[in-house]
>>> print(open('work_5.csv').read())   # CSV, C-alpha atoms
chain,number,residue,atom,x,y,z
A,6,MET,CA,5.0,-30.7,-13.5
A,7,LYS,CA,1.8,-32.7,-14.0
A,8,LYS,CA,1.0,-32.4,-10.3
A,9,LYS,CA,1.4,-28.6,-10.5
A,10,LEU,CA,-1.0,-28.4,-13.4
A,11,LEU,CA,-3.5,-30.6,-11.6
A,12,THR,CA,-3.4,-28.4,-8.5
A,13,TYR,CA,-3.9,-25.3,-10.7
A,14,ILE,CA,-7.0,-26.7,-12.4
A,15,LEU,CA,-8.4,-27.9,-9.0
A,16,GLY,CA,-7.9,-24.5,-7.4
A,17,LEU,CA,-9.4,-22.7,-10.5
A,18,ILE,CA,-12.5,-24.9,-10.3
A,19,VAL,CA,-12.9,-24.4,-6.5
A,20,ILE,CA,-12.4,-20.6,-6.7
A,21,SER,CA,-14.7,-20.2,-9.7
A,22,ILE,CA,-17.5,-22.2,-8.0
A,23,ILE,CA,-17.2,-20.0,-4.8
A,24,LEU,CA,-17.1,-16.9,-7.0
A,25,GLY,CA,-20.2,-18.1,-8.8
A,26,ILE,CA,-22.0,-18.7,-5.5
A,27,ILE,CA,-21.0,-15.2,-4.3
A,28,LEU,CA,-21.9,-13.3,-7.4
A,29,PHE,CA,-25.1,-15.0,-8.5
A,30,SER,CA,-26.8,-16.1,-5.3
A,31,PRO,CA,-25.5,-13.6,-2.8
A,32,LEU,CA,-25.3,-14.5,0.9
A,33,PRO,CA,-28.3,-13.6,2.9
A,34,SER,CA,-27.7,-10.4,4.8
A,35,LEU,CA,-29.1,-10.4,8.3
A,36,ILE,CA,-28.0,-6.9,9.2
A,37,TYR,CA,-29.5,-3.7,7.9
A,38,PRO,CA,-32.1,-5.2,5.5
A,39,GLN,CA,-33.6,-1.8,4.6
A,40,PHE,CA,-30.5,0.1,3.6
A,41,PRO,CA,-29.4,1.2,0.0
A,42,LEU,CA,-27.0,-0.6,-2.3
A,43,LEU,CA,-27.5,-3.9,-0.6
A,44,GLY,CA,-26.6,-6.1,-3.6
A,45,VAL,CA,-23.2,-4.4,-4.0
A,46,PHE,CA,-22.7,-4.7,-0.2
A,47,ARG,CA,-23.4,-8.5,-0.1
A,48,ARG,CA,-21.2,-9.3,-3.1
A,49,ALA,CA,-18.4,-7.1,-1.9
A,50,VAL,CA,-18.4,-8.7,1.5
A,51,GLY,CA,-18.4,-12.1,-0.1
A,52,ILE,CA,-15.4,-11.4,-2.2
A,53,LEU,CA,-13.5,-9.7,0.7
A,54,LEU,CA,-14.3,-12.8,2.9
A,55,LEU,CA,-12.9,-15.1,0.1
A,56,SER,CA,-9.7,-13.0,0.0
A,57,ALA,CA,-9.4,-13.1,3.8
A,58,PHE,CA,-9.7,-16.9,3.7
A,59,LEU,CA,-6.9,-17.1,1.1
A,60,CYS,CA,-4.8,-15.0,3.5
A,61,LEU,CA,-5.7,-17.3,6.4
A,62,TYR,CA,-4.6,-20.3,4.2
A,63,ARG,CA,-1.1,-18.7,3.9
A,64,VAL,CA,-1.1,-18.1,7.7
A,65,LEU,CA,-1.8,-21.8,8.1
A,66,ARG,CA,0.7,-23.2,5.5
A,67,GLY,CA,3.4,-20.5,5.5
A,68,SER,CA,6.7,-22.1,5.9
A,69,THR,CA,8.5,-19.2,7.7
A,70,ALA,CA,7.4,-16.6,10.2
A,71,SER,CA,7.7,-13.7,7.7
A,72,ASP,CA,5.1,-15.3,5.5
A,73,ARG,CA,2.7,-15.2,8.3
A,74,ILE,CA,3.5,-11.6,9.2
A,75,VAL,CA,2.9,-10.6,5.5
A,76,SER,CA,-0.5,-12.2,5.5
A,77,ILE,CA,-1.5,-10.7,8.8
A,78,ASP,CA,-0.5,-7.3,7.3
A,79,MET,CA,-2.7,-8.0,4.2
A,80,LEU,CA,-5.6,-9.0,6.5
A,81,GLY,CA,-5.3,-5.6,8.1
A,82,ILE,CA,-5.6,-3.8,4.8
A,83,LEU,CA,-8.6,-6.0,3.8
A,84,ILE,CA,-10.4,-5.0,7.1
A,85,ILE,CA,-10.1,-1.3,5.9
A,86,GLY,CA,-12.0,-2.5,2.8
A,87,PHE,CA,-14.7,-4.1,5.0
A,88,CYS,CA,-15.1,-0.8,6.9
A,89,ALA,CA,-15.4,1.2,3.7
A,90,VAL,CA,-18.1,-1.1,2.3
A,91,LEU,CA,-20.0,-1.1,5.6
A,92,SER,CA,-19.9,2.7,5.6
A,93,ILE,CA,-21.5,3.0,2.1
A,94,SER,CA,-24.2,0.5,2.9
A,95,THR,CA,-25.2,1.8,6.3
A,96,ARG,CA,-24.3,5.5,5.7
A,97,ARG,CA,-22.7,5.7,9.2
A,98,ASN,CA,-19.5,7.5,8.8
A,99,TRP,CA,-17.8,6.3,11.9
A,100,TYR,CA,-17.0,3.1,10.1
A,101,MET,CA,-14.4,5.1,8.2
A,102,ASP,CA,-12.9,6.3,11.6
A,103,ILE,CA,-12.4,2.6,12.4
A,104,GLY,CA,-10.7,2.2,9.0
A,105,ILE,CA,-8.3,5.0,9.5
A,106,ALA,CA,-7.4,3.9,13.1
A,107,TRP,CA,-6.9,0.4,11.9
A,108,ALA,CA,-4.6,1.5,9.1
A,109,LEU,CA,-2.3,3.4,11.4
A,110,GLN,CA,-2.3,0.7,14.1
A,111,SER,CA,-1.6,-2.1,11.7
A,112,PHE,CA,1.3,-0.1,10.3
A,113,ILE,CA,2.9,0.3,13.7
A,114,SER,CA,2.3,-3.4,14.6
A,115,THR,CA,3.9,-4.5,11.3
A,116,LEU,CA,7.0,-2.4,12.0
A,117,ALA,CA,7.2,-3.8,15.5
A,118,LEU,CA,6.9,-7.4,14.2
A,119,ALA,CA,9.6,-6.6,11.6
A,120,LYS,CA,12.0,-5.4,14.3
A,121,PHE,CA,11.2,-8.6,16.3
A,122,LEU,CA,12.0,-10.7,13.3
A,123,GLU,CA,15.3,-9.0,12.9
A,124,GLY,CA,16.2,-10.2,16.4
A,125,LYS,CA,16.4,-6.7,18.0
A,126,HIS,CA,14.6,-5.4,21.1
A,127,PHE,CA,11.8,-2.9,20.7
A,128,ASP,CA,13.6,0.1,22.1
A,129,GLU,CA,16.4,0.2,19.5
B,17,MET,CA,10.8,27.5,14.4
B,18,SER,CA,9.5,27.7,10.9
B,19,GLY,CA,9.4,23.9,10.6
B,20,ARG,CA,7.2,23.8,13.7
B,21,PHE,CA,4.8,26.3,12.1
B,22,ILE,CA,4.5,24.2,9.0
B,23,LEU,CA,3.8,21.1,11.1
B,24,PHE,CA,1.2,23.0,13.0
B,25,ILE,CA,-0.6,24.0,9.8
B,26,LEU,CA,-0.5,20.4,8.5
B,27,ALA,CA,-1.8,18.9,11.7
B,28,PHE,CA,-4.6,21.4,11.9
B,29,LEU,CA,-5.6,20.8,8.3
B,30,VAL,CA,-5.7,17.0,8.9
B,31,TRP,CA,-7.8,17.7,12.0
B,32,LEU,CA,-10.3,19.9,10.1
B,33,LEU,CA,-10.6,17.2,7.4
B,34,LEU,CA,-11.2,14.5,10.0
B,35,THR,CA,-13.9,16.2,11.9
B,36,PHE,CA,-15.3,18.2,8.9
B,37,SER,CA,-17.2,20.8,11.0
B,38,LEU,CA,-16.4,24.4,11.8
B,39,SER,CA,-17.9,24.7,15.3
B,40,TRP,CA,-15.8,26.5,17.8
B,41,GLU,CA,-15.3,23.6,20.1
B,42,ASN,CA,-13.7,21.6,17.3
B,43,LEU,CA,-11.4,24.5,16.3
B,44,LEU,CA,-10.3,25.0,19.9
B,45,VAL,CA,-9.5,21.4,20.6
B,46,GLY,CA,-7.8,20.9,17.2
B,47,GLY,CA,-5.7,24.0,17.7
B,48,LEU,CA,-4.6,22.9,21.2
B,49,VAL,CA,-3.7,19.4,20.0
B,50,SER,CA,-1.9,20.6,16.9
B,51,LEU,CA,0.1,23.1,19.1
B,52,PHE,CA,1.1,20.3,21.4
B,53,VAL,CA,2.1,18.0,18.6
B,54,SER,CA,4.1,20.6,16.8
B,55,PHE,CA,5.8,21.7,20.0
B,56,MET,CA,6.8,18.1,20.9
B,57,THR,CA,7.9,16.7,17.5
B,58,GLY,CA,8.7,19.8,15.4
B,59,ASP,CA,12.4,19.3,15.3
B,60,LEU,CA,11.9,15.8,13.8
B,61,PHE,CA,9.7,17.0,11.0
B,62,THR,CA,12.0,18.8,8.5
B,63,LYS,CA,15.6,20.0,8.4
B,64,ARG,CA,15.2,22.5,5.6
B,65,PRO,CA,12.0,24.5,6.1
B,66,HIS,CA,12.8,27.0,3.4
B,67,ILE,CA,12.0,24.6,0.6
B,68,PHE,CA,8.3,24.8,1.5
B,69,LYS,CA,8.3,28.3,0.0
B,70,HIS,CA,9.2,27.3,-3.5
B,71,LEU,CA,5.9,27.2,-5.5
B,72,GLN,CA,7.3,25.2,-8.5
B,73,ARG,CA,7.8,22.2,-6.2
B,74,TYR,CA,4.1,22.0,-5.6
B,75,PHE,CA,3.5,22.3,-9.3
B,76,TRP,CA,5.9,19.3,-10.0
B,77,PHE,CA,4.2,17.4,-7.2
B,78,LEU,CA,0.9,17.8,-9.0
B,79,ILE,CA,2.5,16.5,-12.2
B,80,TYR,CA,4.0,13.6,-10.2
B,81,ILE,CA,0.6,12.3,-9.0
B,82,PRO,CA,-0.9,11.2,-12.4
B,83,VAL,CA,2.4,9.7,-13.4
B,84,PHE,CA,2.5,7.7,-10.2
B,85,ILE,CA,-1.1,6.5,-10.5
B,86,TRP,CA,-0.6,5.3,-14.1
B,87,GLU,CA,2.6,3.4,-13.2
B,88,CYS,CA,0.7,1.9,-10.2
B,89,PHE,CA,-2.1,0.7,-12.4
B,90,LYS,CA,0.3,-0.8,-14.9
B,91,ALA,CA,2.0,-2.6,-12.0
B,92,ASN,CA,-1.2,-4.1,-10.8
B,93,VAL,CA,-2.3,-5.4,-14.2
B,94,ASP,CA,1.2,-6.9,-14.7
B,95,VAL,CA,1.2,-8.7,-11.3
B,96,ALA,CA,-2.4,-9.9,-11.8
B,97,LEU,CA,-1.5,-11.4,-15.2
B,98,ARG,CA,1.6,-13.1,-13.8
B,99,VAL,CA,-0.4,-14.6,-10.9
B,100,ILE,CA,-3.3,-16.1,-13.0
B,101,ARG,CA,-1.1,-17.8,-15.6
B,102,PRO,CA,-0.6,-21.5,-14.9
B,103,SER,CA,3.2,-21.5,-15.6
B,104,LEU,CA,4.0,-18.6,-13.2
B,105,PRO,CA,6.4,-16.6,-15.4
B,106,ILE,CA,8.7,-15.2,-12.8
B,107,LYS,CA,12.5,-14.8,-12.7
B,108,PRO,CA,13.2,-13.1,-9.4
B,109,GLY,CA,16.4,-11.6,-8.0
B,110,ILE,CA,17.8,-8.8,-6.0
B,111,VAL,CA,19.7,-6.1,-8.0
B,112,LYS,CA,21.7,-3.0,-7.1
B,113,VAL,CA,20.7,0.4,-8.5
B,114,THR,CA,22.2,3.8,-8.1
B,115,THR,CA,20.5,7.1,-7.4
B,116,SER,CA,21.5,10.7,-7.3
B,117,LEU,CA,18.9,11.8,-4.7
B,118,LYS,CA,20.4,13.0,-1.4
B,119,SER,CA,17.6,14.3,0.8
B,120,GLU,CA,15.9,11.8,3.1
B,121,THR,CA,12.3,12.7,2.0
B,122,GLY,CA,13.3,12.3,-1.6
B,123,LEU,CA,14.8,8.9,-0.9
B,124,THR,CA,11.7,7.8,0.9
B,125,PHE,CA,9.5,8.9,-1.9
B,126,LEU,CA,11.7,7.2,-4.4
B,127,ALA,CA,11.7,3.9,-2.4
B,128,ASN,CA,7.9,4.0,-2.0
B,129,SER,CA,7.4,4.7,-5.7
B,130,ILE,CA,9.7,1.8,-6.7
B,131,THR,CA,7.8,-0.4,-4.4
B,132,LEU,CA,4.4,0.4,-5.9
B,133,THR,CA,5.5,0.2,-9.6
B,134,PRO,CA,5.9,-2.8,-11.9
B,135,GLY,CA,7.7,-5.8,-10.5
B,136,THR,CA,10.1,-4.0,-8.1
B,137,LEU,CA,10.3,-3.9,-4.3
B,138,THR,CA,12.9,-1.9,-2.4
B,139,VAL,CA,14.8,-4.0,0.1
B,140,ASP,CA,17.4,-1.7,1.6
B,141,VAL,CA,18.8,1.8,1.1
B,142,ASP,CA,22.5,2.7,1.4
B,143,LYS,CA,22.4,6.4,1.9
B,144,GLU,CA,26.2,7.1,1.9
B,145,ASN,CA,26.9,5.6,-1.5
B,146,GLY,CA,23.5,6.4,-3.0
B,147,LEU,CA,22.6,2.7,-3.6
B,148,LEU,CA,19.2,1.0,-3.5
B,149,TYR,CA,18.8,-2.8,-3.3
B,150,VAL,CA,15.7,-3.7,-5.3
B,151,HIS,CA,14.0,-7.1,-5.5
B,152,TRP,CA,12.9,-7.5,-9.1
B,153,ILE,CA,10.3,-10.1,-10.0
B,154,ASP,CA,11.5,-10.4,-13.6
B,155,VAL,CA,15.2,-9.6,-13.9
B,156,LYS,CA,15.9,-8.1,-17.3
B,157,SER,CA,19.5,-7.2,-16.7
B,158,LYS,CA,22.0,-7.8,-13.9
B,159,ASP,CA,24.1,-4.8,-14.8
B,160,VAL,CA,23.9,-1.8,-12.4
B,161,GLN,CA,23.7,0.9,-15.1
B,162,LYS,CA,21.0,-0.9,-17.2
B,163,ALA,CA,18.9,-1.7,-14.2
B,164,THR,CA,19.1,1.9,-13.0
B,165,GLN,CA,18.1,3.0,-16.5
B,166,ILE,CA,15.0,0.7,-16.3
B,167,ILE,CA,13.9,1.1,-12.7
B,168,VAL,CA,14.9,4.5,-11.3
B,169,ARG,CA,15.0,7.0,-14.2
B,170,ARG,CA,11.2,7.1,-14.5
B,171,PHE,CA,10.9,8.9,-11.2
B,172,GLU,CA,14.3,10.4,-10.5
B,173,LYS,CA,14.0,13.4,-12.8
B,174,ILE,CA,10.7,14.6,-11.4
B,175,LEU,CA,11.6,13.8,-7.8
B,176,THR,CA,14.8,15.7,-8.1
B,177,LYS,CA,12.7,18.7,-9.1
B,178,ILE,CA,10.4,18.3,-6.1
B,179,PHE,CA,12.7,17.4,-3.2
B,180,GLU,CA,16.3,18.6,-4.0
C,4,MET,CA,-24.4,8.7,-12.4
C,5,LEU,CA,-21.6,9.2,-9.8
C,6,GLU,CA,-23.0,6.2,-7.9
C,7,VAL,CA,-22.5,4.0,-11.0
C,8,ILE,CA,-18.9,5.2,-11.5
C,9,GLY,CA,-18.3,4.5,-7.8
C,10,ILE,CA,-19.6,1.0,-8.0
C,11,VAL,CA,-17.3,0.4,-11.0
C,12,PHE,CA,-14.3,1.6,-8.9
C,13,ILE,CA,-15.4,-0.7,-6.1
C,14,GLY,CA,-15.6,-3.6,-8.5
C,15,ILE,CA,-12.1,-2.9,-9.8
C,16,GLY,CA,-10.8,-2.8,-6.3
C,17,LEU,CA,-12.4,-6.1,-5.3
C,18,VAL,CA,-10.9,-7.8,-8.4
C,19,PHE,CA,-7.4,-6.6,-7.5
C,20,ASP,CA,-7.8,-7.6,-3.8
C,21,LEU,CA,-8.7,-11.1,-4.9
C,22,PHE,CA,-5.7,-11.3,-7.3
C,23,GLY,CA,-3.4,-10.0,-4.6
C,24,CYS,CA,-4.5,-12.7,-2.2
C,25,LEU,CA,-4.3,-15.3,-4.9
C,26,GLY,CA,-0.7,-14.2,-5.5
C,27,LEU,CA,-0.1,-14.6,-1.7
C,28,VAL,CA,-1.1,-18.2,-2.1
C,29,ARG,CA,0.5,-19.1,-5.4
C,30,LEU,CA,3.9,-17.4,-5.5
C,31,PRO,CA,6.9,-19.3,-4.1
C,32,ASP,CA,8.8,-17.2,-1.6
C,33,VAL,CA,8.4,-14.3,0.8
C,34,TYR,CA,9.7,-11.5,-1.5
C,35,ASN,CA,7.5,-12.5,-4.4
C,36,ARG,CA,4.5,-12.8,-2.1
C,37,LEU,CA,5.3,-9.3,-0.7
C,38,GLN,CA,5.4,-8.0,-4.3
C,39,ALA,CA,2.0,-9.3,-5.3
C,40,ALA,CA,0.3,-8.7,-2.0
C,41,THR,CA,1.5,-5.2,-1.3
C,42,LYS,CA,0.9,-3.9,-4.8
C,43,CYS,CA,-2.4,-5.5,-5.5
C,44,VAL,CA,-4.0,-5.3,-2.1
C,45,THR,CA,-3.0,-1.6,-1.6
C,46,PHE,CA,-4.1,-0.5,-5.0
C,47,GLY,CA,-7.3,-2.5,-4.7
C,48,THR,CA,-8.2,-1.0,-1.3
C,49,CYS,CA,-7.3,2.5,-2.6
C,50,SER,CA,-9.6,2.0,-5.6
C,51,LEU,CA,-12.4,0.7,-3.3
C,52,LEU,CA,-12.0,3.7,-1.0
C,53,PHE,CA,-12.1,6.1,-4.0
C,54,GLY,CA,-15.4,4.5,-5.1
C,55,VAL,CA,-16.7,5.0,-1.6
C,56,PHE,CA,-15.7,8.7,-1.9
C,57,LEU,CA,-17.5,9.0,-5.2
C,58,ILE,CA,-20.7,7.5,-3.7
C,59,LEU,CA,-20.7,9.5,-0.4
C,60,GLY,CA,-19.5,12.8,-2.0
C,61,PHE,CA,-18.1,15.6,0.0
C,62,SER,CA,-19.5,14.4,3.3
C,63,PRO,CA,-17.5,13.5,6.5
C,64,GLY,CA,-17.4,9.8,5.3
C,65,GLY,CA,-16.1,10.7,1.9
C,66,ILE,CA,-13.4,13.0,3.2
C,67,LYS,CA,-12.3,10.3,5.6
C,68,ALA,CA,-12.1,7.8,2.8
C,69,LEU,CA,-9.7,10.2,0.9
C,70,LEU,CA,-7.6,10.6,4.1
C,71,CYS,CA,-7.5,6.9,4.4
C,72,ILE,CA,-6.1,6.6,0.9
C,73,VAL,CA,-3.3,9.0,1.7
C,74,PHE,CA,-2.4,7.1,4.9
C,75,LEU,CA,-2.5,3.7,3.1
C,76,LEU,CA,-0.2,5.0,0.3
C,77,LEU,CA,2.2,6.4,2.8
C,78,THR,CA,2.3,3.4,5.2
C,79,SER,CA,2.0,0.3,3.2
C,80,PRO,CA,5.2,0.5,1.1
C,81,VAL,CA,7.1,1.3,4.2
C,82,SER,CA,5.9,-1.7,6.0
C,83,ALA,CA,6.6,-3.9,3.0
C,84,HIS,CA,10.2,-2.5,2.9
C,85,ALA,CA,10.7,-3.2,6.6
C,86,LEU,CA,9.4,-6.7,6.3
C,87,ALA,CA,11.6,-7.5,3.2
C,88,ARG,CA,14.7,-6.1,4.9
C,89,SER,CA,14.1,-7.9,8.2
C,90,SER,CA,13.4,-11.2,6.7
C,91,HIS,CA,16.5,-11.0,4.6
C,92,LYS,CA,18.5,-10.2,7.7
C,93,ALA,CA,16.7,-13.1,9.5
C,94,GLY,CA,18.1,-15.4,6.9
C,95,VAL,CA,15.1,-16.3,4.8
C,96,LYS,CA,16.5,-17.7,1.5
C,97,LEU,CA,15.4,-16.6,-1.9
C,98,TRP,CA,13.5,-19.1,-4.1
C,99,GLU,CA,15.9,-21.6,-5.8
C,100,GLY,CA,14.9,-20.3,-9.2
C,101,SER,CA,16.2,-16.8,-8.4
C,102,VAL,CA,18.7,-15.2,-10.8
C,103,CYS,CA,21.0,-13.1,-8.5
C,104,ASP,CA,21.3,-11.8,-5.0
C,105,ASP,CA,23.4,-8.7,-4.8
C,106,TYR,CA,22.3,-7.9,-1.2
C,107,GLN,CA,24.5,-10.6,0.5
C,108,ASN,CA,27.1,-8.9,2.5
>>> encode(input="work_5.csv", output="structure tokens")
Amino acid sequence: MKKKLLTYILGLIVISIILGIILFSPLPSLIYPQFPLLGVFRRAVGILLLSAFLCLYRVLRGSTASDRIVSIDMLGILIIGFCAVLSISTRRNWYMDIGIAWALQSFISTLALAKFLEGKHFDE
Amino acid sequence: MSGRFILFILAFLVWLLLTFSLSWENLLVGGLVSLFVSFMTGDLFTKRPHIFKHLQRYFWFLIYIPVFIWECFKANVDVALRVIRPSLPIKPGIVKVTTSLKSETGLTFLANSITLTPGTLTVDVDKENGLLYVHWIDVKSKDVQKATQIIVRRFEKILTKIFE
Amino acid sequence: MLEVIGIVFIGIGLVFDLFGCLGLVRLPDVYNRLQAATKCVTFGTCSLLFGVFLILGFSPGGIKALLCIVFLLLTSPVSAHALARSSHKAGVKLWEGSVCDDYQN
């Protein structure tokens, strides 16, 4: 019980420090320095990267295969968020094309992995 | 045949929204692709094409959207509050609920709505007996009738009007 | 004005994304993780895409963002359902604090 509380407080401190760094001194952006809404873009990319690293932690630690598949699925949805944020900052709308294609492809790959987990072959 | 025509219109509409221009090359290519798609997969699309003619179903669908968004928002706040509390107040379990929906589209929409609303996740559907197995993050009652009352009744009335 | 509302929607979406991934780390078993992750990440990304639509307006990018919302809302619960079912069939146990399991055949 005490160990759990200690882990919680440690995680809270680490995540709030990272969030503070992201929100108050945003990461330097090397791409597209002249485009609009750059502050929103930098902070949004920072938070999405933090979420992606949390997903990767679950991939690393996950005790079963289904945990890893779930976090890969969530990474796919986060990448759609990346594409959307890139498309508002650069005003190039083909980023949204990448997002749509990624959504459909990640759905199909998740279904295939679920079939594989169940122990069936792909053509059933 | 009618089902294929509806699928053609849907596919062409999605194509128009994706390309968002009305030049004749786009219209030609989109029409050809939608014709091909509707010819190949039209028999999988719907079994009862006549229900697309009933206008009151579209009206109830428009009412369903804000209900769904509100439940979805409540679900997210609920889960977020559970996650950030240090004691993790969860009491999970898989319960059985009954449903009176019969059509496949209706069951799919019901399962998706249950998945995106507070604390519940559809695990499996038993279509013959009208049973849904639902993983519930905070089990309030193990009884089938009470769980049905809490989980399913919110959507079943309105989905019956849309899809049955 | 619309730009400010769009930025507010993007902020809400980012907060829910972060909470969803935190739930993925903190909750104890696959089914609870699927609950938190699917709901929060899907709703967060939908809210982010709606903010993008408000900022871009009725341009090709904005319409594509709306279509992407529709695709996400249709596909994400289905994949969560498939994952839950297949991991139950593959024999992943529920967390030991679970109350009941009616799905055991």
>>> residues_around(input="work_5.csv", residues="Ala93 (chain C)", least_positions_apart="4", cutoff="9 Å", atoms="all atoms listed in the file", output="PDB file with C-alpha atoms, in the frame of the given file")
ATOM      1  CA  LEU A 122      12.000 -10.700  13.300  1.00  0.00           C
ATOM      2  CA  GLU A 123      15.300  -9.000  12.900  1.00  0.00           C
ATOM      3  CA  GLY A 124      16.200 -10.200  16.400  1.00  0.00           C
TER       4      GLY A 124
ATOM      5  CA  ARG C  88      14.700  -6.100   4.900  1.00  0.00           C
ATOM      6  CA  SER C  89      14.100  -7.900   8.200  1.00  0.00           C
TER       7      SER C  89
END
>>> closest_residue(input="work_5.csv", among="C:Gln38, C:Ser90, C:Trp98, C:Ile66", to="Ile130 (chain B)", atoms="only C-alpha atoms")
C:Gln38
>>> closest_atom_pairs(input="work_5.csv", of="chain B", to="chain A", cutoff="12 Å", atoms="all atoms listed in the file", output="CSV")
residue,atom,partner,partner_atom,distance
B:Leu33,CA,A:Asp102,CA,11.9
B:Leu34,CA,A:Asp102,CA,8.5
B:Thr35,CA,A:Asp102,CA,10.0
B:Phe36,CA,A:Asn98,CA,11.5
B:Val99,CA,A:Tyr13,CA,11.3
B:Ile100,CA,A:Leu17,CA,9.3
B:Arg101,CA,A:Tyr13,CA,9.4
B:Pro102,CA,A:Tyr13,CA,6.6
B:Ser103,CA,A:Leu10,CA,8.4
B:Leu104,CA,A:Tyr13,CA,10.7
>>> write_last_selection(input="work_5.csv", atoms="C-alpha atoms", output="PDB file, in the frame of the given file")
ATOM      1  CA  LEU B  33     -10.600  17.200   7.400  1.00  0.00           C
ATOM      2  CA  LEU B  34     -11.200  14.500  10.000  1.00  0.00           C
ATOM      3  CA  THR B  35     -13.900  16.200  11.900  1.00  0.00           C
ATOM      4  CA  PHE B  36     -15.300  18.200   8.900  1.00  0.00           C
ATOM      5  CA  VAL B  99      -0.400 -14.600 -10.900  1.00  0.00           C
ATOM      6  CA  ILE B 100      -3.300 -16.100 -13.000  1.00  0.00           C
ATOM      7  CA  ARG B 101      -1.100 -17.800 -15.600  1.00  0.00           C
ATOM      8  CA  PRO B 102      -0.600 -21.500 -14.900  1.00  0.00           C
ATOM      9  CA  SER B 103       3.200 -21.500 -15.600  1.00  0.00           C
ATOM     10  CA  LEU B 104       4.000 -18.600 -13.200  1.00  0.00           C
TER      11      LEU B 104
END
>>> closest_residue(input="work_5.csv", among="B:Phe68, B:Phe84, B:Phe89, B:Phe21", to="chain C", atoms="all atoms listed in the file")
B:Phe89
>>> residues_around(input="work_5.csv", residues="Leu78 (chain B)", least_positions_apart="6", cutoff="12 Å", atoms="all atoms listed in the file", output="NGL selection string")
:B and (71-72 or 84-85 or 174-175 or 177-178)
>>> atom_distance(input="work_5.csv", atom1="CA of Val11 (chain C)", atom2="CA of Phe61 (chain C)")
18.8 Å
>>> interface_residues(input="work_5.csv", of="chain B", to="chain C", cutoff="10 Å", atoms="only C-alpha atoms", output="NGL selection string")
:B and (30 or 33-37 or 85 or 88-89 or 91-100 or 102 or 104 or 106-112 or 124-125 or 127-141 or 148-155 or 157-158)
>>> closest_residue(input="work_5.csv", among="A:Ala49, A:Ala70, A:Ile18, A:Ile85", to="Gln110 (chain A)", atoms="all atoms listed in the file")
A:Ile85
